[in-house]
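S.K.: Dumping the structure here so I can ask a few things about it.
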Amino acid sequence: MVETTSYRSNIMICAGTGCVANGSLKLKDALAIELIRRGLQNEVKIVLTGCNGFCAKGPVIVVYPEDIFYQQVKAEDVPHLVEEHFIKGRPVQKFLYTPPARTEAIPVMSEIPFFKHQVLRALRNRSLIDAEKIEEYIARDGYLAAGKALTEMTPEQIVTEMKSSGLRGRGGAGFLSGLKWELCARVPGEIKYILCNGDEGDPGAFMDRSIMEADPHSVLEGMIIAAKAIGAHYGYIYVRAEYPLAVSRLQLAIDQAMEQGLLGKDILGSGFDLDIEIYQGAGAFVCGEETALMASIEGKRGMPRAKPPFPAVKGLWQRPSVLNNVETFANVPPIILNGAEWFAGIGSEKSKGTKVFALSGALNNIGLVEVPMGIPLRTIIQDIGGGIKGNRKYKAVQLGGPSGGCIPESLLDTPVDYENINKTGAIMGSGGMVVMDETTCMPAMAKFFLEFTEDESCGKCVPCRVGNKTLLNILERITNGEGREGDIELLETLSLQVKESSLCGLGQTSPNPVLTTIRYFRDEYEAHIKEHRCPARVCTPLVKFVVDQEKCKMCGLCFKACPAGAIVWEKKKPAYIDPEKCTKCKSCIKACRFWSID
Amino acid sequence: MSQEPAAGVTETPNEGVDLRDMSIKPEMYRKIDRIIEKYRSRPGSLIPVLQQAQEVCGYLPDKVQRYIAAGLKISPSVVFGVATFYSFFTLVPRGKHVIRVCLGTACYVNRSEEIVDKLKEKLGIQVGEITKDGKYSIEAVRCLGACGLAPVVVVGQDTYGAVAATKVMDIVNKYE
Amino acid sequence: MAKLTIADLKKIKDEYRANQTLREGAFTVKVTVHMGTCGIAAGARGIMDTVMADLAASGRKDVVITTSGCAGLCSKEPMMTVERSGDSPVRYVALTPDKTHRIFAEHVMGGTAVKDFALVAGHETTY
């Protein structure tokens, strides 16, 4: 302990190398003179100490017994300090040290479930770099993987690395990327194309937009590596016209990379050439299908064609081509840099690495999350997503967009990977996860997706063009209260026929929302058809707009919410809806917390 | 694609709409000439040409489609086929302010259909139509990728998130 | 401009890291406004304007303002991260210009994080 017997105060001045360099000895002299001038030399003692480790803030002094820590005190500050602290007895704010522990009151990332379960690989640069500055990308190991692939690796080595990493296409189908590259690399040909699918069409998925906006160089770098592997010297990035910010940031990234010699001729002095161009889509969901996307780049209607020949053999302009999606390309550079083993170090048996999901719908936390493959669905929804908003009950999560399906509560422990999600009847798709609560009507949800696919079907093959339209017609009559006995079975049979006989992925998957909602929520379909009732009170023709006098808690919330003045209510009396005035706007149903209105 | 053939697209889509401001002016054709010139030698350039021509004219009437077909030396049926295939292209004029309501899944779950209903009621037009004064048109769009803000409405270039059906007219009225 | 080689990449990386690391004598505070589509739609542009104006008014030369794309938690946009040298970055959520003024005064200038608006401190787990 510090000796304080004969002095009321001790000033400890650091005389470590750092503080001496910062003038601590001069400070000591100035203090000694000032203490004498003020007649305090017998009350306040000056002590020189060794280094206390805060060299950056030197010269540092500590005043006992108050244990006050002053930093960066200069000789000329001494009169003021002595006057204030030792005569007036108040610490001088200006020199007080602010300890780093000041943020301790705020939880850290590892304490918050939203962040705790995430591992950022494809999104590795999110919130860390300025997307418009190539230097910031380079500072985070950017283009080092491209450099390695171009100068130290043969195409075969790249393909082998990719294959053993187990990276599967993040766009939906989950085809092994390395295998796709290998098929194309083996096809002889002077002209080949490397294509990036940024036509993120699944409603509810926005990870590709985010990557293109936040980290465009990671996509370019992935494409360079793939181009080397397959022997392509020209590439296109197909981006939705609905994503203007993504287009402008990608364009800027391409321009910067060209200027720095990271695209164009002789990249990084390796002798390898690659040009990349952006192609703006014009709005057609089917263009997410690879042959349709290629037709679109050729300036035609984006209609798919039968395979084989596969694009790896005959793709864009009849040349061998590889198409991967944005998230897949963003995953490539770290694999090349850190090795296949590193990548395969997390994930499940057949699904390696991480997957980005776009969480939306009835959750407390909405956003983009990147998690290891194999994580239970429940962890994503309850921990990361923070559970269902506003005291409601979970009903289903829709995975895979219009091609996917709805997963009920009973299957929430399903590990999230390609195989296990497929078993539920849904698909991974591009990773859109829309969570629904009890206020969503499942037949209406299926109808919503069928409206989408019916509208987006290109019309080339009959099963998709006519089959989806017929499915939609049946769903429309069910939700209108005109469902017939046998409609459920008809939906099931027709769905399977459409799936089996359609030409491309759109028709092969479009009945999935119908099939999964029937599989898990058959009772809702039956309620619509047999009881003419919509349990979620969504399908207006099936809602009676009558207050259940037994269930009514007489709270008056519906009365306040009604814009038409159609509700009669007095305190301590159940509400009543005047059918003459009711406009069927459902404001009362949304306001009622007790499901008292039918 | 369920888009109907746009017969008589140069005619007024709504009774009484004043299209004088939306007609195709001579300087627009000169701009289209320059676009065609730039792309003529490049294969597969029809879509960018149509995109840029639509930027110039605001929409792609029959006359403009035929003009582009002649310029690129392709059949008008090819141009019409592409212009009707993609939802980005419109064969009828749009309002001065285009109101786009997102009907993606996340917005749907957050009841964006009620916003469409409210707009239809207040503006007195259907989706894809234009108000009589030419000020507004309503479009229903697929996911805009801003699901975190659902339901989303875009007016012109401005995106509005978490829009309540009851408040949507307050937003629209800001655009004169 | 001369084309880069792999050695240049490493040099840029080192130089950039050296310059961007927050330390005495250079920048001591870094403010990142997260500006993806969600952020901008939620009002990130107004937050950026506020920070720029506050910084100009303060006359401080040791504060750097930068942007990034989507930070991932769309429902809590607009967001901003403040990192002071030697301290964990703090992420602020659901900002308004008024909240931003307070964060600028208390955290950027004063060094004390504003607990009321902060969601979390620290870095996310990247590989």
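Chain labels follow the order of the structure tokens: the first chain is A, the next B, and so on; residue numbering restarts at 1 in every chain, and ligands are counted from 1 in their shown order.
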At most 9 Å is the cut-off: for each residue in chain B with any atom that close to an atom of chain C, write down the nearest atom pair and the distance in Å rounded to one decimal, counting only C-alpha atoms, chain first then increasing number, as a Markdown table.
M.R.:
| residue | atom | partner | partner_atom | distance |
| --- | --- | --- | --- | --- |
| B:Gly145 | CA | C:Thr37 | CA | 8.2 |
| B:Ala146 | CA | C:Cys38 | CA | 5.6 |
| B:Cys147 | CA | C:Cys74 | CA | 8.1 |
| B:Gly148 | CA | C:Cys74 | CA | 4.8 |
| B:Leu149 | CA | C:Ser75 | CA | 6.4 |
| B:Asp158 | CA | C:Ala41 | CA | 7.4 |
| B:Thr159 | CA | C:Ala41 | CA | 5.2 |
| B:Tyr160 | CA | C:Ala41 | CA | 6.1 |
| B:Gly161 | CA | C:Ala42 | CA | 6.7 |
S.K.: Within 8 Å of chain A, which residues belong to chain C? Use only C-alpha atoms and report them as number ranges by chain.
M.R.: C: 1-6, 9, 12-14, 16-17, 24, 32, 34, 36-37, 66-76, 86-88, 90, 111-113, 115, 118-127
S.K.: Could you dump the residues just selected with C-alpha atoms as a PDB file, in the first residue's frame?
M.R.:
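What ended up in again35.pdb:
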ATOM      1  CA  MET C   1      -2.736   3.267 -63.350  1.00  0.00           C
ATOM      2  CA  ALA C   2      -0.270   0.449 -63.098  1.00  0.00           C
ATOM      3  CA  LYS C   3      -1.749  -2.983 -62.746  1.00  0.00           C
ATOM      4  CA  LEU C   4      -1.536  -4.755 -59.444  1.00  0.00           C
ATOM      5  CA  THR C   5       0.500  -7.830 -58.691  1.00  0.00           C
ATOM      6  CA  ILE C   6       0.000 -10.196 -55.798  1.00  0.00           C
ATOM      7  CA  LEU C   9      -2.215  -6.741 -52.866  1.00  0.00           C
ATOM      8  CA  ILE C  12      -2.200  -2.469 -49.973  1.00  0.00           C
ATOM      9  CA  LYS C  13      -3.555  -4.707 -47.278  1.00  0.00           C
ATOM     10  CA  ASP C  14      -0.799  -3.837 -44.814  1.00  0.00           C
ATOM     11  CA  TYR C  16      -4.593   0.039 -45.434  1.00  0.00           C
ATOM     12  CA  ARG C  17      -4.726  -1.817 -42.172  1.00  0.00           C
ATOM     13  CA  GLU C  24      -3.614   8.047 -31.434  1.00  0.00           C
ATOM     14  CA  THR C  32     -20.129   3.450 -39.747  1.00  0.00           C
ATOM     15  CA  HIS C  34     -25.082   0.914 -42.517  1.00  0.00           C
ATOM     16  CA  GLY C  36     -28.068  -1.147 -47.741  1.00  0.00           C
ATOM     17  CA  THR C  37     -31.485  -0.957 -49.376  1.00  0.00           C
ATOM     18  CA  THR C  66     -17.824   5.596 -43.398  1.00  0.00           C
ATOM     19  CA  THR C  67     -20.571   3.378 -44.757  1.00  0.00           C
ATOM     20  CA  SER C  68     -21.183  -0.304 -45.223  1.00  0.00           C
ATOM     21  CA  GLY C  69     -23.910  -2.357 -46.838  1.00  0.00           C
ATOM     22  CA  CYS C  70     -26.651  -4.226 -45.048  1.00  0.00           C
ATOM     23  CA  ALA C  71     -25.720  -5.084 -41.476  1.00  0.00           C
ATOM     24  CA  GLY C  72     -28.231  -7.905 -41.300  1.00  0.00           C
ATOM     25  CA  LEU C  73     -30.831  -6.847 -38.778  1.00  0.00           C
ATOM     26  CA  CYS C  74     -33.311  -5.130 -41.087  1.00  0.00           C
ATOM     27  CA  SER C  75     -36.107  -4.757 -38.569  1.00  0.00           C
ATOM     28  CA  LYS C  76     -33.952  -2.493 -36.441  1.00  0.00           C
ATOM     29  CA  GLY C  86      -9.178   0.687 -27.659  1.00  0.00           C
ATOM     30  CA  ASP C  87     -12.858   0.006 -27.152  1.00  0.00           C
ATOM     31  CA  SER C  88     -15.383  -2.454 -28.559  1.00  0.00           C
ATOM     32  CA  VAL C  90     -21.076  -0.426 -30.300  1.00  0.00           C
ATOM     33  CA  GLY C 111     -16.529   8.542 -24.962  1.00  0.00           C
ATOM     34  CA  THR C 112     -19.524   7.127 -23.134  1.00  0.00           C
ATOM     35  CA  ALA C 113     -21.737   4.767 -25.073  1.00  0.00           C
ATOM     36  CA  LYS C 115     -26.903   2.550 -23.500  1.00  0.00           C
ATOM     37  CA  ALA C 118     -27.303   0.508 -28.171  1.00  0.00           C
ATOM     38  CA  LEU C 119     -28.141  -3.045 -29.125  1.00  0.00           C
ATOM     39  CA  VAL C 120     -24.829  -4.755 -28.770  1.00  0.00           C
ATOM     40  CA  ALA C 121     -21.082  -4.323 -28.499  1.00  0.00           C
ATOM     41  CA  GLY C 122     -18.323  -6.297 -30.151  1.00  0.00           C
ATOM     42  CA  HIS C 123     -17.560  -7.907 -33.478  1.00  0.00           C
ATOM     43  CA  GLU C 124     -19.555 -10.581 -35.242  1.00  0.00           C
ATOM     44  CA  THR C 125     -18.009 -14.016 -35.677  1.00  0.00           C
ATOM     45  CA  THR C 126     -16.393 -14.200 -39.064  1.00  0.00           C
ATOM     46  CA  TYR C 127     -14.347 -17.176 -39.995  1.00  0.00           C
TER      47      TYR C 127
END
S.K.: Find the residues in chain A near chain B: any atom within 8 Å counts, using only C-alpha atoms. Write them as number ranges by chain.
M.R.: A: 201-206, 209, 241-243, 280, 282-284, 297-302, 359-362, 366-367, 401, 434, 436, 440, 454-459
S.K.: Rounded to one decimal in Å, what is the spacing between CA of Thr479 (chain A) and CA of Ser137 (chain B)?
M.R.: 28.7 Å
S.K.: What's the 12 Å shell around Asn173 (chain B), counting only C-alpha atoms, without same-chain residues fewer than 5 positions away, as a ChimeraX atom specification?
M.R.: /B:97,99,119,122-123,135-136,155,167-168
S.K.: For the structure I just gave you, how does DSSP split region 5-109 of chain C - specifically, which residues are strand (DSSP E or B)? Reply as a list of chain:residue names.
M.R.: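 The residues of region 5-109 of chain C classed as strand (DSSP E or B) are C:Val29, C:Lys30, C:Val31, C:Thr32, C:Val33, C:His34, C:Val63, C:Val64, C:Ile65, C:Thr66, C:Thr67, C:Ser68, C:Met80, C:Thr81, C:Val82, C:Glu83, C:Arg84, C:Val90, C:Arg91, C:Tyr92.
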S.K.: Store the residues picked out above in a file with C-alpha atoms, as a PDB file, in the first residue's frame.
M.R.:
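Final file, out-v6.pdb:
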ATOM      1  CA  VAL C  29     -13.237   7.246 -33.667  1.00  0.00           C
ATOM      2  CA  LYS C  30     -14.870   5.468 -36.580  1.00  0.00           C
ATOM      3  CA  VAL C  31     -18.567   5.887 -37.282  1.00  0.00           C
ATOM      4  CA  THR C  32     -20.129   3.450 -39.747  1.00  0.00           C
ATOM      5  CA  VAL C  33     -23.613   4.118 -41.078  1.00  0.00           C
ATOM      6  CA  HIS C  34     -25.082   0.914 -42.517  1.00  0.00           C
ATOM      7  CA  VAL C  63     -13.308  11.108 -36.474  1.00  0.00           C
ATOM      8  CA  VAL C  64     -13.853   9.138 -39.649  1.00  0.00           C
ATOM      9  CA  ILE C  65     -17.304   8.514 -41.072  1.00  0.00           C
ATOM     10  CA  THR C  66     -17.824   5.596 -43.398  1.00  0.00           C
ATOM     11  CA  THR C  67     -20.571   3.378 -44.757  1.00  0.00           C
ATOM     12  CA  SER C  68     -21.183  -0.304 -45.223  1.00  0.00           C
ATOM     13  CA  MET C  80     -24.861   2.861 -36.956  1.00  0.00           C
ATOM     14  CA  THR C  81     -21.712   1.501 -35.363  1.00  0.00           C
ATOM     15  CA  VAL C  82     -19.381   3.655 -33.289  1.00  0.00           C
ATOM     16  CA  GLU C  83     -15.895   2.387 -32.567  1.00  0.00           C
ATOM     17  CA  ARG C  84     -13.456   4.299 -30.402  1.00  0.00           C
ATOM     18  CA  VAL C  90     -21.076  -0.426 -30.300  1.00  0.00           C
ATOM     19  CA  ARG C  91     -24.019  -0.922 -32.643  1.00  0.00           C
ATOM     20  CA  TYR C  92     -26.931   1.465 -32.360  1.00  0.00           C
TER      21      TYR C  92
END
S.K.: Work out how far apart CA of Lys31 (chain B) and CA of Val239 (chain A) are and give it in Å to one decimal.
M.R.: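 It comes out at 25.1 Å.
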S.K.: Tell me, as a list in words, which residues lie within 9 Å of Tyr67 (chain B), counting only C-alpha atoms; anything in the same chain fewer than 3 positions away does not count.
M.R.: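 Counting only the stated atoms, we get Tyr29, Ile32, Asp62, Lys63, Val64, Ala70, Gly71, Leu72 and Pro76 of chain B.
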S.K.: If you count only C-alpha atoms, which residues fall within 9 Å of region 515-517 of chain A, apart from same-chain ones fewer than 6 positions away, as an mmCIF file with N, CA and C atoms, in the first residue's frame?
M.R.:
data_model
loop_
_atom_site.group_PDB
_atom_site.id
_atom_site.type_symbol
_atom_site.label_atom_id
_atom_site.label_comp_id
_atom_site.auth_asym_id
_atom_site.auth_seq_id
_atom_site.Cartn_x
_atom_site.Cartn_y
_atom_site.Cartn_z
ATOM 1 N N GLY A 404 -41.213 -23.800 -52.564
ATOM 2 C CA GLY A 404 -40.976 -24.466 -51.290
ATOM 3 C C GLY A 404 -42.252 -24.865 -50.588
ATOM 4 N N GLY A 405 -42.134 -25.013 -49.286
ATOM 5 C CA GLY A 405 -43.301 -25.454 -48.558
ATOM 6 C C GLY A 405 -43.347 -24.865 -47.165
ATOM 7 N N CYS A 406 -44.440 -25.185 -46.455
ATOM 8 C CA CYS A 406 -44.645 -24.663 -45.118
ATOM 9 C C CYS A 406 -44.338 -25.756 -44.101
ATOM 10 N N ILE A 407 -43.555 -25.414 -43.096
ATOM 11 C CA ILE A 407 -43.143 -26.399 -42.092
ATOM 12 C C ILE A 407 -43.827 -26.061 -40.768
ATOM 13 N N THR A 424 -39.224 -32.755 -45.461
ATOM 14 C CA THR A 424 -40.461 -32.145 -44.962
ATOM 15 C C THR A 424 -41.400 -31.772 -46.104
ATOM 16 N N GLY A 425 -40.903 -31.830 -47.346
ATOM 17 C CA GLY A 425 -41.727 -31.430 -48.483
ATOM 18 C C GLY A 425 -41.429 -30.008 -48.928
ATOM 19 N N ALA A 426 -40.675 -29.275 -48.101
ATOM 20 C CA ALA A 426 -40.231 -27.943 -48.510
ATOM 21 C C ALA A 426 -38.876 -28.112 -49.195
ATOM 22 N N MET A 442 -53.785 -20.883 -44.233
ATOM 23 C CA MET A 442 -52.933 -21.705 -45.091
ATOM 24 C C MET A 442 -53.484 -21.916 -46.511
ATOM 25 N N PRO A 443 -54.762 -22.230 -46.700
ATOM 26 C CA PRO A 443 -55.240 -22.313 -48.084
ATOM 27 C C PRO A 443 -55.044 -20.979 -48.828
ATOM 28 N N MET A 445 -52.679 -18.905 -48.258
ATOM 29 C CA MET A 445 -51.246 -18.810 -48.519
ATOM 30 C C MET A 445 -50.887 -19.608 -49.775
ATOM 31 N N ALA A 446 -51.442 -20.821 -49.862
ATOM 32 C CA ALA A 446 -51.187 -21.645 -51.047
ATOM 33 C C ALA A 446 -51.705 -20.930 -52.294
ATOM 34 N N LEU A 491 -56.696 -31.633 -55.615
ATOM 35 C CA LEU A 491 -55.492 -30.803 -55.535
ATOM 36 C C LEU A 491 -54.254 -31.684 -55.443
ATOM 37 N N GLU A 492 -54.357 -32.741 -54.616
ATOM 38 C CA GLU A 492 -53.194 -33.611 -54.417
ATOM 39 C C GLU A 492 -52.808 -34.330 -55.713
ATOM 40 N N SER A 495 -51.479 -31.878 -58.317
ATOM 41 C CA SER A 495 -50.166 -31.370 -57.916
ATOM 42 C C SER A 495 -49.069 -32.342 -58.334
ATOM 43 N N LEU A 496 -49.293 -33.611 -58.049
ATOM 44 C CA LEU A 496 -48.277 -34.607 -58.384
ATOM 45 C C LEU A 496 -48.070 -34.685 -59.892
ATOM 46 N N GLU A 524 -57.473 -27.135 -41.912
ATOM 47 C CA GLU A 524 -57.896 -25.805 -42.365
ATOM 48 C C GLU A 524 -58.635 -25.886 -43.693
ATOM 49 N N TYR A 525 -58.133 -26.759 -44.572
ATOM 50 C CA TYR A 525 -58.832 -26.956 -45.848
ATOM 51 C C TYR A 525 -60.233 -27.495 -45.582
#
S.K.: My list of candidates is B:Gln52, B:Gln65, B:Ser112, B:Ser41. Which is closest to Val153 (chain B) when distances are computed with only C-alpha atoms?
M.R.: B:Ser112
S.K.: Between CA of Asp255 (chain A) and CA of His233 (chain A), measure the distance and give it in Å to one decimal.
M.R.: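 So the answer is 16.8 Å.
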S.K.: When distances are computed from only C-alpha atoms, which of B:Val92, B:Ile36, B:Val98, B:Met169 shows the smallest separation from Gly156 (chain B)?
M.R.: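 For Gly156 (chain B), the nearest of the given residues is B:Val98.
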S.K.: Could you check which of B:Glu176, B:Gln54, B:Ile130, B:Glu139 is closest to Leu91 (chain B), using only C-alpha atoms?
M.R.: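 When distances to Leu91 (chain B) are compared using only C-alpha atoms, the smallest one comes from B:Gln54.
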S.K.: Determine, counting only C-alpha atoms, which protein, DNA and RNA residues have an atom within 8 Å of an atom of Pro97 (chain C); residues of the same chain fewer than 5 positions away are not included. Present the result as a PDB file with N, CA and C atoms, in the first residue's frame.
M.R.:
ATOM      1  N   GLY C  46     -30.650  10.173 -43.743  1.00  0.00           N
ATOM      2  CA  GLY C  46     -30.840  11.248 -42.767  1.00  0.00           C
ATOM      3  C   GLY C  46     -29.870  11.106 -41.596  1.00  0.00           C
ATOM      4  N   ILE C  47     -29.586   9.856 -41.224  1.00  0.00           N
ATOM      5  CA  ILE C  47     -28.656   9.609 -40.122  1.00  0.00           C
ATOM      6  C   ILE C  47     -27.251  10.044 -40.551  1.00  0.00           C
ATOM      7  N   THR C  50     -26.963  13.743 -40.508  1.00  0.00           N
ATOM      8  CA  THR C  50     -26.866  14.232 -39.133  1.00  0.00           C
ATOM      9  C   THR C  50     -25.437  14.089 -38.597  1.00  0.00           C
TER      10      THR C  50
END
